[in-house]
>>> print(open('structure21.txt').read())   # compact mmCIF, C-alpha atoms
# COMPACT_ATOMS: atom_id res chain seq x y z
CA MET C 1 33.60 -41.99 -56.24
CA SER C 2 32.58 -40.26 -53.03
CA GLN C 3 35.22 -38.91 -50.69
CA SER C 4 35.94 -40.63 -47.39
CA TYR C 5 36.58 -38.47 -44.36
CA VAL C 6 37.67 -39.75 -40.94
CA ILE C 7 37.67 -37.55 -37.84
CA ILE C 8 39.45 -38.71 -34.69
CA GLY C 9 37.74 -37.01 -31.74
CA ASP C 10 34.11 -36.04 -31.10
CA GLY C 11 34.68 -32.84 -29.17
CA ILE C 12 33.34 -29.54 -30.41
CA SER C 13 36.12 -29.27 -32.99
CA GLY C 14 35.61 -32.71 -34.51
CA SER C 15 31.84 -32.40 -34.46
CA SER C 16 31.96 -28.96 -36.07
CA ALA C 17 34.21 -30.35 -38.81
CA ALA C 18 31.80 -33.26 -39.45
CA GLU C 19 28.82 -30.93 -39.70
CA THR C 20 30.70 -28.68 -42.12
CA LEU C 21 31.83 -31.62 -44.23
CA ARG C 22 28.28 -32.88 -44.56
CA GLU C 23 27.11 -29.45 -45.69
CA LYS C 24 29.96 -29.11 -48.20
CA ASP C 25 29.97 -32.70 -49.46
CA PRO C 26 26.49 -34.28 -49.20
CA ASP C 27 27.57 -37.62 -50.70
CA ALA C 28 30.74 -38.15 -48.67
CA ASP C 29 31.42 -41.00 -46.26
CA ILE C 30 32.08 -39.44 -42.84
CA THR C 31 33.25 -41.37 -39.78
CA ILE C 32 33.94 -40.00 -36.30
CA VAL C 33 36.05 -42.14 -33.97
CA SER C 34 35.89 -41.36 -30.24
CA ASP C 35 37.36 -43.10 -27.22
CA GLU C 36 34.59 -41.67 -25.02
CA GLY C 37 31.35 -43.52 -24.40
CA GLU C 38 28.92 -40.70 -25.16
CA PRO C 39 28.40 -38.19 -27.98
CA LEU C 40 29.28 -34.49 -27.90
CA TYR C 41 28.46 -32.58 -24.72
CA ASN C 42 29.15 -29.06 -23.54
CA ARG C 43 32.51 -28.92 -21.76
CA ILE C 44 31.74 -25.36 -20.67
CA LEU C 45 28.66 -26.43 -18.70
CA ILE C 46 30.02 -29.53 -16.98
CA LYS C 47 31.42 -27.29 -14.24
CA GLU C 48 27.89 -26.08 -13.49
CA PHE C 49 26.75 -29.69 -13.32
CA ALA C 50 29.60 -30.53 -10.93
CA LYS C 51 28.62 -27.55 -8.76
CA GLY C 52 25.14 -29.04 -8.45
CA LYS C 53 23.58 -26.16 -10.40
CA LEU C 54 22.45 -28.13 -13.49
CA PRO C 55 21.04 -31.59 -14.18
CA GLU C 56 22.62 -33.82 -16.83
CA ALA C 57 20.14 -33.18 -19.64
CA PRO C 58 21.21 -29.63 -20.68
CA ILE C 59 24.86 -30.73 -20.90
CA SER C 60 24.31 -32.98 -23.89
CA ILE C 61 24.58 -31.31 -27.30
CA HIS C 62 24.13 -34.24 -29.69
CA ASP C 63 22.50 -37.59 -29.20
CA GLU C 64 23.31 -40.54 -31.44
CA ASP C 65 20.30 -39.73 -33.66
CA TRP C 66 21.94 -36.43 -34.61
CA TYR C 67 24.75 -38.35 -36.33
CA ALA C 68 22.42 -40.91 -37.89
CA ASP C 69 20.20 -38.15 -39.31
CA ARG C 70 23.24 -36.71 -41.08
CA ASP C 71 24.54 -40.07 -42.21
CA ILE C 72 27.66 -39.67 -40.06
CA GLN C 73 29.02 -42.91 -38.64
CA LEU C 74 29.88 -42.45 -34.94
CA ARG C 75 32.15 -45.04 -33.37
CA LEU C 76 32.23 -44.59 -29.60
CA ASN C 77 34.53 -46.43 -27.18
CA THR C 78 37.01 -46.87 -30.01
CA HIS C 79 40.73 -46.32 -29.46
CA VAL C 80 43.02 -45.43 -32.35
CA LEU C 81 46.31 -47.33 -32.16
CA ARG C 82 48.03 -45.61 -35.06
CA ILE C 83 47.55 -44.01 -38.44
CA ASP C 84 49.25 -44.99 -41.68
CA PRO C 85 49.58 -41.98 -44.00
CA ASP C 86 51.01 -44.09 -46.83
CA ASP C 87 48.03 -46.46 -46.93
CA HIS C 88 45.58 -43.75 -45.79
CA VAL C 89 44.12 -45.87 -42.99
CA VAL C 90 43.35 -45.46 -39.30
CA ARG C 91 44.01 -48.60 -37.22
CA THR C 92 41.85 -49.20 -34.12
CA HIS C 93 42.12 -51.39 -31.04
CA GLU C 94 39.42 -53.62 -32.49
CA GLY C 95 41.70 -54.60 -35.35
CA ASP C 96 39.81 -52.52 -37.92
CA ASP C 97 41.41 -50.47 -40.64
CA ILE C 98 39.31 -47.39 -41.45
CA PRO C 99 40.31 -45.94 -44.84
CA TYR C 100 40.31 -42.21 -45.50
CA ASP C 101 40.89 -39.73 -48.28
CA LYS C 102 41.20 -36.90 -45.77
CA LEU C 103 41.83 -37.24 -42.03
CA LEU C 104 41.23 -34.80 -39.17
CA VAL C 105 43.04 -35.19 -35.84
CA ALA C 106 40.97 -33.54 -33.08
CA THR C 107 41.68 -35.60 -29.98
CA GLY C 108 42.49 -32.80 -27.55
CA GLY C 109 44.35 -33.78 -24.40
CA THR C 110 44.39 -35.65 -21.13
CA PRO C 111 44.92 -33.89 -17.78
CA THR C 112 48.54 -33.83 -16.66
CA GLN C 113 49.28 -35.93 -13.59
CA LEU C 114 50.91 -34.23 -10.61
CA PRO C 115 54.31 -35.96 -10.21
CA VAL C 116 54.25 -36.38 -6.42
CA PRO C 117 53.76 -39.40 -4.11
CA ASN C 118 50.19 -40.72 -3.81
CA SER C 119 48.84 -38.52 -6.61
CA ASP C 120 46.86 -41.53 -7.84
CA ALA C 121 45.03 -42.05 -4.53
CA GLU C 122 41.28 -42.45 -4.30
CA GLY C 123 39.56 -39.10 -3.93
CA ILE C 124 41.99 -37.23 -6.22
CA HIS C 125 40.24 -35.91 -9.32
CA HIS C 126 41.14 -34.38 -12.66
CA PHE C 127 38.55 -32.34 -14.50
CA TRP C 128 38.11 -32.75 -18.24
CA THR C 129 35.30 -35.10 -19.29
CA PHE C 130 31.63 -35.37 -18.40
CA GLN C 131 32.46 -38.60 -16.59
CA ASP C 132 35.05 -36.68 -14.54
CA ALA C 133 32.33 -34.17 -13.63
CA ARG C 134 29.98 -36.92 -12.48
CA LYS C 135 32.61 -38.36 -10.16
CA ILE C 136 33.60 -34.93 -8.85
CA ARG C 137 30.00 -33.98 -8.10
CA GLU C 138 29.30 -37.25 -6.31
CA HIS C 139 32.42 -37.02 -4.19
CA ALA C 140 32.25 -33.28 -3.46
CA GLU C 141 28.69 -33.63 -2.19
CA GLU C 142 30.01 -35.98 0.52
CA ALA C 143 33.36 -34.31 1.28
CA ASP C 144 34.11 -32.03 4.22
CA THR C 145 37.63 -30.81 3.44
CA GLY C 146 39.46 -30.29 0.19
CA VAL C 147 42.55 -29.14 -1.65
CA VAL C 148 42.70 -27.68 -5.17
CA VAL C 149 45.93 -27.49 -7.17
CA GLY C 150 46.47 -25.52 -10.38
CA ALA C 151 46.27 -21.71 -10.58
CA GLY C 152 44.65 -21.50 -14.00
CA LEU C 153 41.27 -21.48 -15.70
CA LEU C 154 40.44 -25.12 -14.96
CA GLY C 155 41.83 -24.96 -11.44
CA ILE C 156 39.50 -22.14 -10.52
CA ASP C 157 36.57 -24.23 -11.77
CA LEU C 158 37.54 -26.93 -9.26
CA ALA C 159 37.84 -24.30 -6.54
CA ALA C 160 34.38 -22.96 -7.38
CA ILE C 161 32.93 -26.47 -7.37
CA SER C 162 34.40 -26.99 -3.89
CA GLY C 163 32.83 -23.76 -2.67
CA ALA C 164 29.45 -24.53 -4.21
CA GLN C 165 29.44 -27.98 -2.57
CA ASP C 166 30.36 -26.53 0.85
CA VAL C 167 33.76 -28.21 0.90
CA ASP C 168 36.17 -26.41 3.25
CA ALA C 169 38.91 -26.10 0.62
CA HIS C 170 42.40 -24.64 0.37
CA TYR C 171 43.52 -23.54 -3.08
CA LEU C 172 47.30 -24.11 -3.30
CA MET C 173 49.17 -21.93 -5.81
CA ARG C 174 52.87 -21.98 -6.64
CA GLY C 175 53.19 -18.24 -7.17
CA ASN C 176 51.93 -15.18 -5.35
CA ARG C 177 48.61 -14.95 -7.22
CA TRP C 178 46.08 -16.75 -9.37
CA TRP C 179 46.90 -16.94 -13.14
CA ARG C 180 50.07 -14.93 -12.63
CA TYR C 181 50.93 -14.99 -16.35
CA ALA C 182 47.87 -12.90 -17.23
CA LEU C 183 47.00 -10.92 -14.07
CA SER C 184 48.89 -8.47 -11.93
CA LEU C 185 48.37 -8.47 -8.16
CA ASP C 186 45.68 -5.79 -8.44
CA GLY C 187 43.55 -7.88 -10.73
CA ALA C 188 44.28 -11.18 -9.03
CA GLU C 189 43.27 -9.88 -5.61
CA ILE C 190 39.72 -9.35 -6.92
CA ILE C 191 39.65 -13.05 -7.77
CA HIS C 192 41.19 -14.01 -4.42
CA GLU C 193 38.49 -12.11 -2.55
CA GLY C 194 35.84 -13.75 -4.69
CA LEU C 195 37.23 -17.15 -3.74
CA ARG C 196 37.21 -16.27 -0.06
CA GLU C 197 33.58 -15.22 -0.31
CA LYS C 198 32.82 -18.67 -1.72
CA GLY C 199 34.51 -20.33 1.26
CA VAL C 200 37.75 -21.22 -0.55
CA THR C 201 41.06 -20.15 1.00
CA PRO C 202 43.84 -19.17 -1.44
CA VAL C 203 47.32 -20.25 -0.31
CA PHE C 204 50.25 -18.66 -2.15
CA ASN C 205 53.84 -19.76 -2.77
CA SER C 206 52.66 -23.27 -2.04
CA GLY C 207 51.91 -26.45 -3.99
CA VAL C 208 52.07 -30.15 -3.12
CA ASP C 209 55.07 -32.11 -1.93
CA HIS C 210 53.02 -35.27 -1.34
CA PHE C 211 49.56 -36.51 -0.50
CA GLU C 212 48.70 -38.50 2.61
CA VAL C 213 46.38 -41.52 2.40
CA ASP C 214 44.59 -43.84 4.82
CA ASP C 215 44.83 -47.63 5.00
CA GLU C 216 42.25 -47.98 2.21
CA GLY C 217 44.27 -45.76 -0.14
CA HIS C 218 41.94 -42.76 0.09
CA VAL C 219 43.46 -39.29 0.25
CA THR C 220 43.32 -37.63 3.67
CA GLY C 221 45.51 -34.58 3.19
CA ALA C 222 48.22 -32.71 1.33
CA VAL C 223 51.62 -31.48 2.52
CA ASP C 224 53.10 -28.54 0.64
CA PRO C 225 56.83 -27.90 0.00
CA ASN C 226 56.90 -25.62 3.07
CA GLY C 227 55.83 -28.51 5.31
CA GLU C 228 52.31 -27.17 5.83
CA HIS C 229 49.58 -29.81 6.14
CA TYR C 230 46.05 -29.40 4.77
CA ASP C 231 43.24 -31.84 5.53
CA ALA C 232 41.56 -33.08 2.36
CA ASP C 233 39.21 -35.95 1.67
CA PHE C 234 38.57 -34.34 -1.75
CA VAL C 235 41.35 -33.14 -4.09
CA GLY C 236 41.07 -31.49 -7.50
CA ILE C 237 44.12 -31.12 -9.76
CA ALA C 238 44.31 -29.01 -12.95
CA ILE C 239 47.91 -28.32 -13.94
CA GLY C 240 47.59 -28.60 -17.71
CA LEU C 241 47.00 -31.04 -20.54
CA ASP C 242 49.10 -33.74 -22.15
CA PHE C 243 48.02 -33.82 -25.78
CA ASN C 244 46.68 -37.15 -27.04
CA THR C 245 49.20 -37.83 -29.80
CA GLU C 246 50.69 -41.22 -28.87
CA TYR C 247 48.95 -42.90 -31.81
CA LEU C 248 50.64 -40.46 -34.19
CA ARG C 249 54.14 -41.81 -33.60
CA GLY C 250 55.78 -42.71 -36.87
CA ALA C 251 53.22 -40.79 -38.92
CA GLY C 252 55.62 -37.94 -39.65
CA LEU C 253 53.48 -35.09 -38.31
CA GLU C 254 55.45 -32.06 -37.16
CA GLN C 255 54.93 -31.37 -33.46
CA ASP C 256 56.03 -28.44 -31.33
CA GLU C 257 54.14 -28.49 -28.01
CA GLY C 258 51.20 -29.56 -30.16
CA ILE C 259 50.52 -30.55 -33.76
CA VAL C 260 51.77 -27.83 -36.09
CA VAL C 261 49.23 -26.66 -38.68
CA ASP C 262 49.05 -23.74 -41.06
CA GLU C 263 46.21 -21.24 -41.18
CA TYR C 264 44.13 -23.78 -43.13
CA MET C 265 44.49 -26.43 -40.39
CA GLN C 266 46.66 -28.53 -42.73
CA THR C 267 49.56 -30.46 -41.19
CA ASN C 268 52.85 -31.08 -42.94
CA VAL C 269 51.53 -34.49 -44.09
CA ASP C 270 49.31 -34.59 -47.15
CA ASP C 271 45.59 -35.13 -46.50
CA ILE C 272 45.94 -34.86 -42.71
CA TYR C 273 44.46 -31.90 -40.86
CA ALA C 274 44.28 -31.07 -37.15
CA SER C 275 42.07 -28.78 -35.07
CA GLY C 276 41.24 -27.90 -31.50
CA ASP C 277 43.27 -27.81 -28.31
CA LEU C 278 46.21 -29.85 -29.58
CA THR C 279 47.08 -27.56 -32.48
CA ARG C 280 49.91 -25.09 -32.72
CA PHE C 281 48.40 -23.02 -35.50
CA TYR C 282 49.56 -20.14 -37.61
CA ASP C 283 47.71 -17.13 -36.23
CA THR C 284 47.13 -14.71 -39.08
CA ILE C 285 46.46 -11.86 -36.65
CA LEU C 286 49.68 -12.31 -34.70
CA GLY C 287 51.68 -13.30 -37.76
CA GLU C 288 53.21 -16.21 -35.84
CA TYR C 289 52.37 -19.62 -34.43
CA ALA C 290 50.24 -19.76 -31.31
CA GLN C 291 47.99 -21.99 -29.22
CA ASN C 292 44.54 -21.51 -27.75
CA GLY C 293 42.34 -23.91 -25.81
CA SER C 294 39.01 -22.09 -25.84
CA TRP C 295 35.73 -23.69 -26.89
CA GLY C 296 34.98 -21.04 -29.53
CA SER C 297 38.43 -21.34 -31.08
CA ALA C 298 38.16 -25.15 -31.28
CA LYS C 299 34.73 -24.92 -32.90
CA GLU C 300 35.92 -22.42 -35.51
CA GLN C 301 39.05 -24.45 -36.25
CA GLY C 302 36.86 -27.50 -36.88
CA LYS C 303 34.69 -25.52 -39.28
CA VAL C 304 37.75 -24.21 -41.14
CA ALA C 305 39.28 -27.69 -41.30
CA GLY C 306 36.04 -29.17 -42.64
CA THR C 307 35.75 -26.46 -45.27
CA ASN C 308 39.29 -27.02 -46.52
CA MET C 309 39.08 -30.82 -46.40
CA ALA C 310 36.01 -30.69 -48.64
CA ALA C 311 37.58 -28.22 -51.08
CA ASP C 312 39.92 -29.07 -53.94
CA ALA C 313 42.32 -26.49 -52.53
CA GLU C 314 42.61 -24.64 -49.21
CA SER C 315 40.04 -21.88 -49.40
CA GLU C 316 39.38 -20.58 -45.87
CA ALA C 317 41.95 -19.39 -43.34
CA PHE C 318 41.47 -19.52 -39.58
CA ARG C 319 41.26 -16.00 -38.19
CA TRP C 320 39.70 -15.76 -34.77
CA VAL C 321 39.78 -13.74 -31.56
CA SER C 322 38.95 -16.18 -28.80
CA SER C 323 37.42 -15.42 -25.42
CA TYR C 324 36.94 -17.29 -22.16
CA SER C 325 34.55 -16.25 -19.40
CA ILE C 326 34.20 -17.19 -15.74
CA THR C 327 30.79 -16.97 -14.06
CA HIS C 328 31.60 -18.23 -10.57
CA PHE C 329 31.52 -14.86 -8.81
CA ASP C 330 29.20 -11.91 -8.29
CA PHE C 331 31.27 -10.03 -10.87
CA PRO C 332 31.93 -11.16 -14.48
CA PHE C 333 35.36 -12.13 -15.81
CA LEU C 334 36.54 -12.47 -19.40
CA SER C 335 39.87 -13.02 -21.09
CA PHE C 336 40.31 -12.64 -24.85
CA GLY C 337 42.98 -13.22 -27.43
CA HIS C 338 46.44 -14.00 -26.10
CA PRO C 339 46.66 -12.22 -22.72
CA THR C 340 49.94 -13.83 -21.65
CA ILE C 341 52.36 -13.19 -24.53
CA GLY C 342 52.51 -9.41 -24.81
CA ASP C 343 55.69 -7.36 -24.83
CA GLU C 344 53.81 -4.52 -23.11
CA TYR C 345 50.83 -4.36 -20.74
CA VAL C 346 48.60 -1.49 -19.64
CA GLU C 347 46.05 -1.79 -16.85
CA ARG C 348 43.75 0.11 -14.55
CA LYS C 349 41.67 -0.68 -11.48
CA TYR C 350 38.31 1.11 -11.45
CA SER C 351 36.77 -0.28 -8.26
CA ASP C 352 37.04 -3.21 -5.85
CA THR C 353 35.47 -5.46 -8.48
CA GLU C 354 36.40 -3.76 -11.74
CA TRP C 355 39.79 -4.00 -13.46
CA ARG C 356 41.20 -4.12 -16.96
CA ARG C 357 44.51 -5.25 -18.43
CA ILE C 358 45.43 -5.10 -22.12
CA ALA C 359 48.29 -7.05 -23.69
CA LEU C 360 50.10 -5.42 -26.61
CA LYS C 361 52.73 -6.60 -29.04
CA ASP C 362 54.48 -4.36 -31.56
CA GLY C 363 52.04 -1.60 -30.61
CA LYS C 364 48.91 -3.66 -31.32
CA VAL C 365 46.27 -5.20 -29.05
CA ILE C 366 46.72 -8.99 -28.88
CA GLY C 367 44.65 -9.88 -25.82
CA GLY C 368 43.50 -8.85 -22.40
CA VAL C 369 41.52 -9.55 -19.24
CA LEU C 370 38.38 -7.72 -18.14
CA ILE C 371 36.90 -7.99 -14.65
CA GLY C 372 33.61 -6.36 -13.66
CA ASP C 373 32.81 -4.50 -16.89
CA LEU C 374 32.90 -6.61 -20.06
CA ALA C 375 31.46 -3.96 -22.38
CA PRO C 376 34.88 -2.91 -23.80
CA GLN C 377 35.49 -6.40 -25.22
CA THR C 378 33.73 -5.65 -28.52
CA ARG C 379 35.93 -2.66 -29.33
CA LEU C 380 39.10 -4.31 -28.08
CA LYS C 381 38.47 -7.41 -30.19
CA LYS C 382 37.82 -5.18 -33.20
CA LEU C 383 41.18 -3.48 -32.69
CA MET C 384 42.83 -6.88 -32.48
CA ARG C 385 41.10 -8.30 -35.57
CA GLU C 386 41.92 -5.22 -37.61
CA GLU C 387 45.53 -5.15 -36.31
CA THR C 388 45.18 -1.46 -35.47
CA SER C 389 48.27 0.25 -34.15
CA VAL C 390 47.64 1.93 -30.80
CA GLU C 391 51.25 2.85 -30.14
CA GLY C 392 51.45 5.98 -28.03
CA GLN C 393 47.67 5.98 -27.53
CA THR C 394 47.15 3.23 -24.98
CA ASP C 395 45.45 5.64 -22.57
CA VAL C 396 42.38 5.41 -24.83
CA LEU C 397 42.19 1.66 -24.10
CA LEU C 398 41.83 2.34 -20.39
CA GLU C 399 39.01 4.86 -20.57
CA GLU C 400 35.88 3.51 -18.87
CA GLU C 401 34.10 3.74 -22.22
CA ILE C 402 36.48 3.15 -25.12
CA ASP C 403 35.74 5.52 -27.99
CA LEU C 404 37.39 4.30 -31.17
CA ASP C 405 36.73 7.69 -32.77
CA ASP C 406 39.16 9.20 -30.26
CA LEU C 407 41.72 6.64 -31.36
CA ALA C 408 41.08 7.38 -35.00
CA VAL C 409 41.53 11.13 -34.40
CA SER C 410 44.79 10.47 -32.60
CA GLN C 411 46.01 8.32 -35.49
CA GLU C 412 45.17 10.99 -38.04
CA GLN C 413 47.12 13.52 -36.03
>>> encode(input="structure21.txt", output="structure tokens")
Amino acid sequence: MSQSYVIIGDGISGSSAAETLREKDPDADITIVSDEGEPLYNRILIKEFAKGKLPEAPISIHDEDWYADRDIQLRLNTHVLRIDPDDHVVRTHEGDDIPYDKLLVATGGTPTQLPVPNSDAEGIHHFWTFQDARKIREHAEEADTGVVVGAGLLGIDLAAISGAQDVDAHYLMRGNRWWRYALSLDGAEIIHEGLREKGVTPVFNSGVDHFEVDDEGHVTGAVDPNGEHYDADFVGIAIGLDFNTEYLRGAGLEQDEGIVVDEYMQTNVDDIYASGDLTRFYDTILGEYAQNGSWGSAKEQGKVAGTNMAADAESEAFRWVSSYSITHFDFPFLSFGHPTIGDEYVERKYSDTEWRRIALKDGKVIGGVLIGDLAPQTRLKKLMREETSVEGQTDVLLEEEIDLDDLAVSQEQ
């Protein structure tokens, strides 16, 4: 009998797993269940759409024919209520039971709500889906003033959208700099100046105490904990994700700020795998459990999960150095690996728009941030993948052009 695979989630991770499963098991029954109303699209490009820089068409990756051509059943607008590992079925809101031999959980997350008064007012947006981007673009094109909350990688997308749409926006940050867990003040100030050039004003040691609304329930402004008022008829919030795991209650899956999986994407429950943003996976490079929300990482995890689901035994381990780039400014920006969990950091500023910071753990490169010059990423990722010790030689990592031969000579000595 043919195998039956069910994938919950049609993001890049779930779609990558389905494609891999079809390649590995041509006769299998494959079903993707998604609560969204449209097939896979590019989450990286929706920010460019919201900025008004791209039309809708390039954002789509797969149309429904793509699934039909591969004999993959796609069930859109379908909500999973729960899974039953004993009976090997997925139960949906339509009252259906979808049987499986192997199951992949790849449902990602939902934006975290800001727990302050009036945070559900009209004109307050969260940025995650293509539908979110459509609403943001429509509203930002009409807005005059705005507030952005969330000093991370999604928050800066909202700030850039505001600038591109000529919204006079204030970017409220709780600390003294943007992405303070990965950047020092030297590096962050390059980003701050880039924001100012786009017409967005960074505000530090701030945040939101409450939002103000008009008689129709539309946001009109934000008041921070210091009592400062900021006019805003457009608000964007990006303070993190709540993972979509409610339907997993009672299923017995181990969770620890995400679904725990091994290096093969296998959970602690037989025949259930997980991939993408919601995983806490065993990182074979770090030698410990970690999390990563990048597009490339999610895609690779889906491929690894699909490979192992189709195999009689786990055959491929997830081993990946992720990267995330920002293209909002006149200078490039890239983070790679795990730039926030080092036990040591080395950095250097080369010019007003060029800076580098490398995160190390136990004398090895585990991540970093590059601003201005991205050329060193290839060598730095190689050092990370190969788990090369650079203890006592970190000055080599900060040379404008990293020469791994210099590092090798130093190691031999």
>>> residues_around(input="structure21.txt", residues="Ile12 (chain C)", least_positions_apart="6", cutoff="10 Å", atoms="all atoms listed in the file", output="PyMOL selection string")
chain C and resi 18+40-43+61+106+275-276+295-303
>>> closest_residue(input="structure21.txt", among="C:Arg70, C:Pro376, C:Val396, C:Asp242", to="Glu23 (chain C)", atoms="all atoms listed in the file")
C:Arg70
>>> closest_atom_pairs(input="structure21.txt", of="region 153-269 of chain C", to="region 322-341 of chain C", cutoff="9 Å", atoms="all atoms listed in the file", output="Markdown table")
| residue | atom | partner | partner_atom | distance |
| --- | --- | --- | --- | --- |
| C:Leu153 | CA | C:Ile326 | CA | 8.3 |
| C:Ile156 | CA | C:His328 | CA | 8.8 |
| C:Asp157 | CA | C:His328 | CA | 7.9 |
| C:Ala160 | CA | C:His328 | CA | 6.3 |
| C:Ile161 | CA | C:His328 | CA | 8.9 |
| C:Tyr181 | CA | C:Thr340 | CA | 5.5 |
| C:Ala182 | CA | C:Thr340 | CA | 5.0 |
| C:Leu183 | CA | C:Thr340 | CA | 8.6 |
| C:Ile191 | CA | C:Phe329 | CA | 8.4 |
| C:Gly194 | CA | C:Phe329 | CA | 6.1 |
| C:Leu195 | CA | C:Phe329 | CA | 8.0 |
| C:Glu197 | CA | C:Phe329 | CA | 8.8 |
| C:Lys198 | CA | C:Phe329 | CA | 8.2 |
>>> write_last_selection(input="structure21.txt", atoms="C-alpha atoms", output="PDB file, keeping the file's coordinate frame")
ATOM      1  CA  LEU C 153      41.270 -21.480 -15.700  1.00  0.00           C
ATOM      2  CA  ILE C 156      39.500 -22.140 -10.520  1.00  0.00           C
ATOM      3  CA  ASP C 157      36.570 -24.230 -11.770  1.00  0.00           C
ATOM      4  CA  ALA C 160      34.380 -22.960  -7.380  1.00  0.00           C
ATOM      5  CA  ILE C 161      32.930 -26.470  -7.370  1.00  0.00           C
ATOM      6  CA  TYR C 181      50.930 -14.990 -16.350  1.00  0.00           C
ATOM      7  CA  ALA C 182      47.870 -12.900 -17.230  1.00  0.00           C
ATOM      8  CA  LEU C 183      47.000 -10.920 -14.070  1.00  0.00           C
ATOM      9  CA  ILE C 191      39.650 -13.050  -7.770  1.00  0.00           C
ATOM     10  CA  GLY C 194      35.840 -13.750  -4.690  1.00  0.00           C
ATOM     11  CA  LEU C 195      37.230 -17.150  -3.740  1.00  0.00           C
ATOM     12  CA  GLU C 197      33.580 -15.220  -0.310  1.00  0.00           C
ATOM     13  CA  LYS C 198      32.820 -18.670  -1.720  1.00  0.00           C
TER      14      LYS C 198
END
>>> atom_distance(input="structure21.txt", atom1="CA of Tyr5 (chain C)", atom2="CA of Lys102 (chain C)")
5.1 Å
>>> atom_distance(input="structure21.txt", atom1="CA of His126 (chain C)", atom2="CA of Ile190 (chain C)")
25.7 Å
>>> residues_around(input="structure21.txt", residues="region 170-173 of chain C", least_positions_apart="5", cutoff="6 Å", atoms="all atoms listed in the file", output="number ranges by chain")
C: 147-149, 151, 200-207
>>> atom_distance(input="structure21.txt", atom1="CA of Gly152 (chain C)", atom2="CA of Ile239 (chain C)")
7.6 Å
>>> closest_residue(input="structure21.txt", among="C:Ser16, C:Tyr230, C:Asp271, C:Ala159", to="Val89 (chain C)", atoms="only C-alpha atoms")
C:Asp271
>>> decode(input="structure21.txt", residues="region 103-138 of chain C", atoms="C-alpha atoms", output="mmCIF file, in the first residue's frame")
data_model
loop_
_atom_site.group_PDB
_atom_site.id
_atom_site.type_symbol
_atom_site.label_atom_id
_atom_site.label_comp_id
_atom_site.auth_asym_id
_atom_site.auth_seq_id
_atom_site.Cartn_x
_atom_site.Cartn_y
_atom_site.Cartn_z
ATOM 1 C CA LEU C 103 2.718 13.836 9.666
ATOM 2 C CA LEU C 104 4.637 17.103 9.345
ATOM 3 C CA VAL C 105 3.793 20.116 11.515
ATOM 4 C CA ALA C 106 4.898 23.310 9.735
ATOM 5 C CA THR C 107 2.389 25.934 10.835
ATOM 6 C CA GLY C 108 4.796 28.694 11.857
ATOM 7 C CA GLY C 109 3.397 31.423 14.076
ATOM 8 C CA THR C 110 1.027 34.314 14.514
ATOM 9 C CA PRO C 111 2.241 37.836 15.384
ATOM 10 C CA THR C 112 2.260 38.556 19.103
ATOM 11 C CA GLN C 113 -0.276 41.140 20.221
ATOM 12 C CA LEU C 114 0.979 44.166 22.142
ATOM 13 C CA PRO C 115 -0.660 43.910 25.598
ATOM 14 C CA VAL C 116 -1.685 47.564 25.979
ATOM 15 C CA PRO C 117 -5.046 49.384 25.809
ATOM 16 C CA ASN C 118 -6.538 49.850 22.327
ATOM 17 C CA SER C 119 -3.973 47.610 20.621
ATOM 18 C CA ASP C 120 -6.820 46.117 18.580
ATOM 19 C CA ALA C 121 -7.932 49.472 17.143
ATOM 20 C CA GLU C 122 -8.513 50.039 13.454
ATOM 21 C CA GLY C 123 -5.331 51.130 11.709
ATOM 22 C CA ILE C 124 -3.023 48.936 13.830
ATOM 23 C CA HIS C 125 -1.293 46.303 11.721
ATOM 24 C CA HIS C 126 0.786 43.174 12.212
ATOM 25 C CA PHE C 127 3.001 41.991 9.390
ATOM 26 C CA TRP C 128 3.179 38.297 8.539
ATOM 27 C CA THR C 129 0.917 37.182 5.684
ATOM 28 C CA PHE C 130 0.368 38.409 2.138
ATOM 29 C CA GLN C 131 -3.075 39.557 3.233
ATOM 30 C CA ASP C 132 -1.414 41.609 5.998
ATOM 31 C CA ALA C 133 0.813 43.206 3.349
ATOM 32 C CA ARG C 134 -2.170 44.133 1.198
ATOM 33 C CA LYS C 135 -3.868 45.891 4.100
ATOM 34 C CA ILE C 136 -0.653 47.629 5.152
ATOM 35 C CA ARG C 137 0.028 48.906 1.642
ATOM 36 C CA GLU C 138 -3.516 50.202 1.216
#
